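Dumped final.cif below, it's mmCIF, C-alpha atoms, pLDDT in the B column; chains and numbers go by the auth columns:
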```cif
data_entry
loop_
_atom_site.group_PDB
_atom_site.id
_atom_site.type_symbol
_atom_site.label_atom_id
_atom_site.label_comp_id
_atom_site.label_asym_id
_atom_site.label_seq_id
_atom_site.Cartn_x
_atom_site.Cartn_y
_atom_site.Cartn_z
_atom_site.B_iso_or_equiv
_atom_site.auth_seq_id
_atom_site.auth_asym_id
ATOM 1 C CA MET A 1 131.106 83.975 152.283 95.00 10 H
ATOM 2 C CA LYS A 2 129.944 80.379 152.371 97.00 11 H
ATOM 3 C CA SER A 3 131.204 77.138 150.888 98.00 12 H
ATOM 4 C CA ARG A 4 129.249 73.913 150.900 97.00 13 H
ATOM 5 C CA ILE A 5 131.243 70.730 150.528 98.00 14 H
ATOM 6 C CA PHE A 6 129.544 67.510 149.475 98.00 15 H
ATOM 7 C CA VAL A 7 131.557 64.388 150.235 98.00 16 H
ATOM 8 C CA THR A 8 130.274 61.218 148.583 98.00 17 H
ATOM 9 C CA LEU A 9 131.572 57.672 148.286 97.00 18 H
ATOM 10 C CA LYS A 10 133.049 56.764 144.901 97.00 19 H
ATOM 11 C CA ASP A 11 131.083 54.407 142.691 95.00 20 H
ATOM 12 C CA GLY A 12 131.758 50.808 143.587 95.00 21 H
ATOM 13 C CA VAL A 13 132.608 51.505 147.211 97.00 22 H
ATOM 14 C CA LEU A 14 130.261 49.600 149.519 97.00 23 H
ATOM 15 C CA ASP A 15 127.955 51.853 151.499 97.00 24 H
ATOM 16 C CA PRO A 16 126.508 49.999 154.526 97.00 25 H
ATOM 17 C CA GLN A 17 124.933 53.204 155.887 97.00 26 H
ATOM 18 C CA GLY A 18 123.114 53.769 152.593 98.00 27 H
ATOM 19 C CA ARG A 19 121.943 50.139 152.576 98.00 28 H
ATOM 20 C CA ALA A 20 120.600 50.482 156.115 98.00 29 H
ATOM 21 C CA ILE A 21 118.703 53.659 155.145 98.00 30 H
ATOM 22 C CA HIS A 22 117.333 51.942 152.022 98.00 31 H
ATOM 23 C CA HIS A 23 116.143 49.000 154.129 98.00 32 H
ATOM 24 C CA ALA A 24 114.517 51.314 156.689 98.00 33 H
ATOM 25 C CA ILE A 25 112.729 53.333 153.961 97.00 34 H
ATOM 26 C CA GLU A 26 111.259 50.130 152.533 97.00 35 H
ATOM 27 C CA GLY A 27 110.324 48.985 156.018 97.00 36 H
ATOM 28 C CA LEU A 28 108.267 52.157 156.404 96.00 37 H
ATOM 29 C CA GLY A 29 106.263 51.192 153.325 96.00 38 H
ATOM 30 C CA PHE A 30 107.775 53.527 150.726 96.00 39 H
ATOM 31 C CA SER A 31 108.421 51.881 147.372 96.00 40 H
ATOM 32 C CA GLY A 32 110.135 52.889 144.136 97.00 41 H
ATOM 33 C CA ILE A 33 113.544 53.592 145.701 97.00 42 H
ATOM 34 C CA ASN A 34 116.317 51.957 143.693 97.00 43 H
ATOM 35 C CA ASP A 35 119.444 53.039 145.521 97.00 44 H
ATOM 36 C CA VAL A 36 120.512 55.096 148.521 98.00 45 H
ATOM 37 C CA ARG A 37 123.977 56.539 149.081 98.00 46 H
ATOM 38 C CA ALA A 38 124.974 58.320 152.265 98.00 47 H
ATOM 39 C CA GLY A 39 127.514 61.124 152.343 98.00 48 H
ATOM 40 C CA ARG A 40 128.615 64.124 154.345 98.00 49 H
ATOM 41 C CA LEU A 41 127.847 67.810 154.017 98.00 50 H
ATOM 42 C CA ILE A 42 130.249 70.367 155.468 98.00 51 H
ATOM 43 C CA GLU A 43 129.345 74.062 155.491 98.00 52 H
ATOM 44 C CA LEU A 44 132.132 76.589 155.883 98.00 53 H
ATOM 45 C CA ASP A 45 131.605 80.240 156.683 98.00 54 H
ATOM 46 C CA HIS A 46 134.791 82.066 155.737 97.00 55 H
ATOM 47 C CA ASP A 47 136.426 85.341 154.749 97.00 56 H
ATOM 48 C CA GLU A 48 136.552 86.491 151.118 96.00 57 H
ATOM 49 C CA SER A 49 140.294 85.816 151.211 96.00 58 H
ATOM 50 C CA VAL A 50 139.690 82.054 151.292 96.00 59 H
ATOM 51 C CA THR A 51 139.632 80.903 147.670 96.00 60 H
ATOM 52 C CA LYS A 52 138.048 77.832 146.130 96.00 61 H
ATOM 53 C CA ALA A 53 141.574 76.430 145.754 97.00 62 H
ATOM 54 C CA ASP A 54 142.058 76.784 149.524 97.00 63 H
ATOM 55 C CA VAL A 55 138.821 74.901 150.174 97.00 64 H
ATOM 56 C CA GLU A 56 139.951 72.211 147.721 98.00 65 H
ATOM 57 C CA ALA A 57 143.211 71.886 149.634 97.00 66 H
ATOM 58 C CA MET A 58 141.238 71.461 152.887 97.00 67 H
ATOM 59 C CA CYS A 59 139.175 68.728 151.236 98.00 68 H
ATOM 60 C CA ARG A 60 142.199 66.862 149.938 97.00 69 H
ATOM 61 C CA THR A 61 144.141 67.019 153.202 97.00 70 H
ATOM 62 C CA LEU A 62 141.390 66.675 155.784 97.00 71 H
ATOM 63 C CA LEU A 63 137.739 66.569 154.803 97.00 72 H
ATOM 64 C CA ALA A 64 137.633 63.768 152.236 98.00 73 H
ATOM 65 C CA ASN A 65 139.420 60.444 151.962 97.00 74 H
ATOM 66 C CA MET A 66 140.492 60.639 148.324 97.00 75 H
ATOM 67 C CA VAL A 67 140.955 56.862 148.092 97.00 76 H
ATOM 68 C CA ILE A 68 137.259 56.127 148.513 98.00 77 H
ATOM 69 C CA GLU A 69 135.508 59.503 148.378 98.00 78 H
ATOM 70 C CA ASN A 70 134.798 62.335 145.932 98.00 79 H
ATOM 71 C CA PHE A 71 133.988 65.894 146.870 98.00 80 H
ATOM 72 C CA GLU A 72 132.187 68.837 145.270 98.00 81 H
ATOM 73 C CA ILE A 73 132.409 72.464 146.351 98.00 82 H
ATOM 74 C CA GLU A 74 129.610 74.997 145.927 97.00 83 H
ATOM 75 C CA GLN A 75 130.392 78.618 146.814 95.00 84 H
ATOM 76 C CA SER A 76 127.892 81.392 147.428 89.00 85 H
ATOM 77 C CA MET B 1 115.420 60.181 138.838 95.00 19 G
ATOM 78 C CA LYS B 2 117.588 61.462 141.668 97.00 20 G
ATOM 79 C CA SER B 3 116.912 63.353 144.875 98.00 21 G
ATOM 80 C CA ARG B 4 119.611 64.851 147.037 98.00 22 G
ATOM 81 C CA ILE B 5 118.705 65.489 150.651 98.00 23 G
ATOM 82 C CA PHE B 6 120.765 67.886 152.745 98.00 24 G
ATOM 83 C CA VAL B 7 120.284 67.473 156.483 98.00 25 G
ATOM 84 C CA THR B 8 121.726 70.271 158.618 98.00 26 G
ATOM 85 C CA LEU B 9 121.582 71.161 162.301 97.00 27 G
ATOM 86 C CA LYS B 10 119.260 74.034 163.184 97.00 28 G
ATOM 87 C CA ASP B 11 120.824 77.329 164.213 95.00 29 G
ATOM 88 C CA GLY B 12 121.699 77.335 167.875 95.00 30 G
ATOM 89 C CA VAL B 13 122.163 73.571 168.127 97.00 31 G
ATOM 90 C CA LEU B 14 125.684 72.752 169.295 97.00 32 G
ATOM 91 C CA ASP B 15 127.791 71.024 166.652 97.00 33 G
ATOM 92 C CA PRO B 16 130.794 69.266 168.232 97.00 34 G
ATOM 93 C CA GLN B 17 131.710 67.596 164.916 97.00 35 G
ATOM 94 C CA GLY B 18 131.812 70.988 163.194 98.00 36 G
ATOM 95 C CA ARG B 19 133.945 72.392 166.008 98.00 37 G
ATOM 96 C CA ALA B 20 136.379 69.498 165.731 98.00 38 G
ATOM 97 C CA ILE B 21 136.673 70.043 161.957 98.00 39 G
ATOM 98 C CA HIS B 22 137.172 73.797 162.490 98.00 40 G
ATOM 99 C CA HIS B 23 139.921 73.096 165.018 98.00 41 G
ATOM 100 C CA ALA B 24 141.617 70.608 162.687 98.00 42 G
ATOM 101 C CA ILE B 25 141.477 73.046 159.731 97.00 43 G
ATOM 102 C CA GLU B 26 143.188 75.714 161.835 97.00 44 G
ATOM 103 C CA GLY B 27 145.719 73.155 163.065 97.00 45 G
ATOM 104 C CA LEU B 28 146.670 72.544 159.424 96.00 46 G
ATOM 105 C CA GLY B 29 147.513 76.241 159.044 96.00 47 G
ATOM 106 C CA PHE B 30 144.449 77.460 157.114 96.00 48 G
ATOM 107 C CA SER B 31 143.078 80.776 158.350 95.00 49 G
ATOM 108 C CA GLY B 32 140.004 82.903 157.628 97.00 50 G
ATOM 109 C CA ILE B 33 137.453 80.219 158.544 97.00 51 G
ATOM 110 C CA ASN B 34 134.762 81.657 160.829 97.00 52 G
ATOM 111 C CA ASP B 35 132.442 78.725 161.340 97.00 53 G
ATOM 112 C CA VAL B 36 132.064 75.090 160.334 98.00 54 G
ATOM 113 C CA ARG B 37 128.825 73.105 160.456 98.00 55 G
ATOM 114 C CA ALA B 38 128.664 69.392 159.732 98.00 56 G
ATOM 115 C CA GLY B 39 125.619 67.739 158.189 98.00 57 G
ATOM 116 C CA ARG B 40 124.535 64.727 156.191 98.00 58 G
ATOM 117 C CA LEU B 41 123.938 64.197 152.513 98.00 59 G
ATOM 118 C CA ILE B 42 121.626 61.414 151.353 98.00 60 G
ATOM 119 C CA GLU B 43 121.284 60.618 147.651 98.00 61 G
ATOM 120 C CA LEU B 44 118.237 58.692 146.505 98.00 62 G
ATOM 121 C CA ASP B 45 117.879 57.085 143.113 98.00 63 G
ATOM 122 C CA HIS B 46 114.177 56.441 142.556 97.00 64 G
ATOM 123 C CA ASP B 47 111.368 55.897 140.069 97.00 65 G
ATOM 124 C CA GLU B 48 109.486 58.822 138.524 96.00 66 G
ATOM 125 C CA SER B 49 106.472 57.766 140.603 96.00 67 G
ATOM 126 C CA VAL B 50 108.197 58.953 143.794 96.00 68 G
ATOM 127 C CA THR B 51 107.192 62.601 144.260 96.00 69 G
ATOM 128 C CA LYS B 52 108.910 65.352 146.197 96.00 70 G
ATOM 129 C CA ALA B 53 106.118 65.009 148.797 97.00 71 G
ATOM 130 C CA ASP B 54 107.082 61.335 149.246 97.00 72 G
ATOM 131 C CA VAL B 55 110.712 62.287 149.777 97.00 73 G
ATOM 132 C CA GLU B 56 109.606 64.930 152.285 98.00 74 G
ATOM 133 C CA ALA B 57 107.634 62.291 154.151 97.00 75 G
ATOM 134 C CA MET B 58 110.742 60.065 154.266 97.00 76 G
ATOM 135 C CA CYS B 59 112.739 62.979 155.689 98.00 77 G
ATOM 136 C CA ARG B 60 110.175 63.760 158.370 97.00 78 G
ATOM 137 C CA THR B 61 109.725 60.162 159.490 97.00 79 G
ATOM 138 C CA LEU B 62 113.220 58.763 159.120 97.00 80 G
ATOM 139 C CA LEU B 63 116.041 60.797 157.628 97.00 81 G
ATOM 140 C CA ALA B 64 115.995 63.972 159.735 98.00 82 G
ATOM 141 C CA ASN B 65 115.353 64.608 163.407 97.00 83 G
ATOM 142 C CA MET B 66 112.951 67.531 163.095 97.00 84 G
ATOM 143 C CA VAL B 67 113.618 68.685 166.663 97.00 85 G
ATOM 144 C CA ILE B 68 117.218 69.643 165.952 98.00 86 G
ATOM 145 C CA GLU B 69 117.648 69.344 162.174 98.00 87 G
ATOM 146 C CA ASN B 70 116.428 70.964 158.965 98.00 88 G
ATOM 147 C CA PHE B 71 116.399 69.348 155.551 98.00 89 G
ATOM 148 C CA GLU B 72 116.421 70.508 151.936 98.00 90 G
ATOM 149 C CA ILE B 73 115.532 68.428 148.900 98.00 91 G
ATOM 150 C CA GLU B 74 117.016 68.946 145.452 97.00 92 G
ATOM 151 C CA GLN B 75 115.580 66.862 142.611 95.00 93 G
ATOM 152 C CA SER B 76 117.123 66.277 139.205 89.00 94 G
#
```

So, in terms of structure tokens, how does the structure I just supplied come out?
Amino acid sequence: MKSRIFVTLKDGVLDPQGRAIHHAIEGLGFSGINDVRAGRLIELDHDESVTKADVEAMCRTLLANMVIENFEIEQS
Amino acid sequence: MKSRIFVTLKDGVLDPQGRAIHHAIEGLGFSGINDVRAGRLIELDHDESVTKADVEAMCRTLLANMVIENFEIEQS
């Protein structure tokens, strides 16, 4: 069983990595990009016994900084 | 319009960050995790004029290292 965790910065939190990517995209000649935000993707391969609540607990204690980040979990 | 880009390491490429996360998860007492892979998530907010092909071109030239990484694009 697989879980995908998307960790993103909360709105309003400065994102220097996203700004750098935005700048580089424009430098390559692409236009029409309004905003870029950078985040993390963590893929877990786990037993059926690991519930979504367990994965949420992992996010809250380890994988995301709840002060400045949000997370989403997608299980398949 | 938004595009989400998921950049992941190709199979067989060593992932020390994923291993460190796996180790830390087990250290916290969670069990049943078989594998952890770490990747990047990049969210673009762009005009309608930017096509999926444009975003693919950005990935190939800048956002992903095609030698060791794969990418997926999700548009909404």

Q: Just say which residues the PyMOL selection byres ((chain G and resi 69) around 12) picks in this file, as a PyMOL selection string.
A: (chain H and resi 39-42) or (chain G and resi 19-21+62+64-68+70-76+91-94)

**Q.** Chain and number of each residue from the PyMOL selection byres ((chain H and resi 15-28) around 9), as a ChimeraX atom specification
**A.** /H:13-14,29-33,44-52,68,72-74,76-83 /G:58-61

Taking all listed atoms of range 64-77 of chain G, build the axis-aligned box, pad each of the six sides by 6 Å, then write its centre and edge lengths in Å to one decimal as lines of an AutoDock Vina configuration file.
```
center_x = 110.1
center_y = 60.6
center_z = 147.1
size_x = 20.1
size_y = 21.5
size_z = 29.2
```

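Interatomic distance, CA of Asp63 in chain G to CA of Leu37 in chain H: 17.1 Å.
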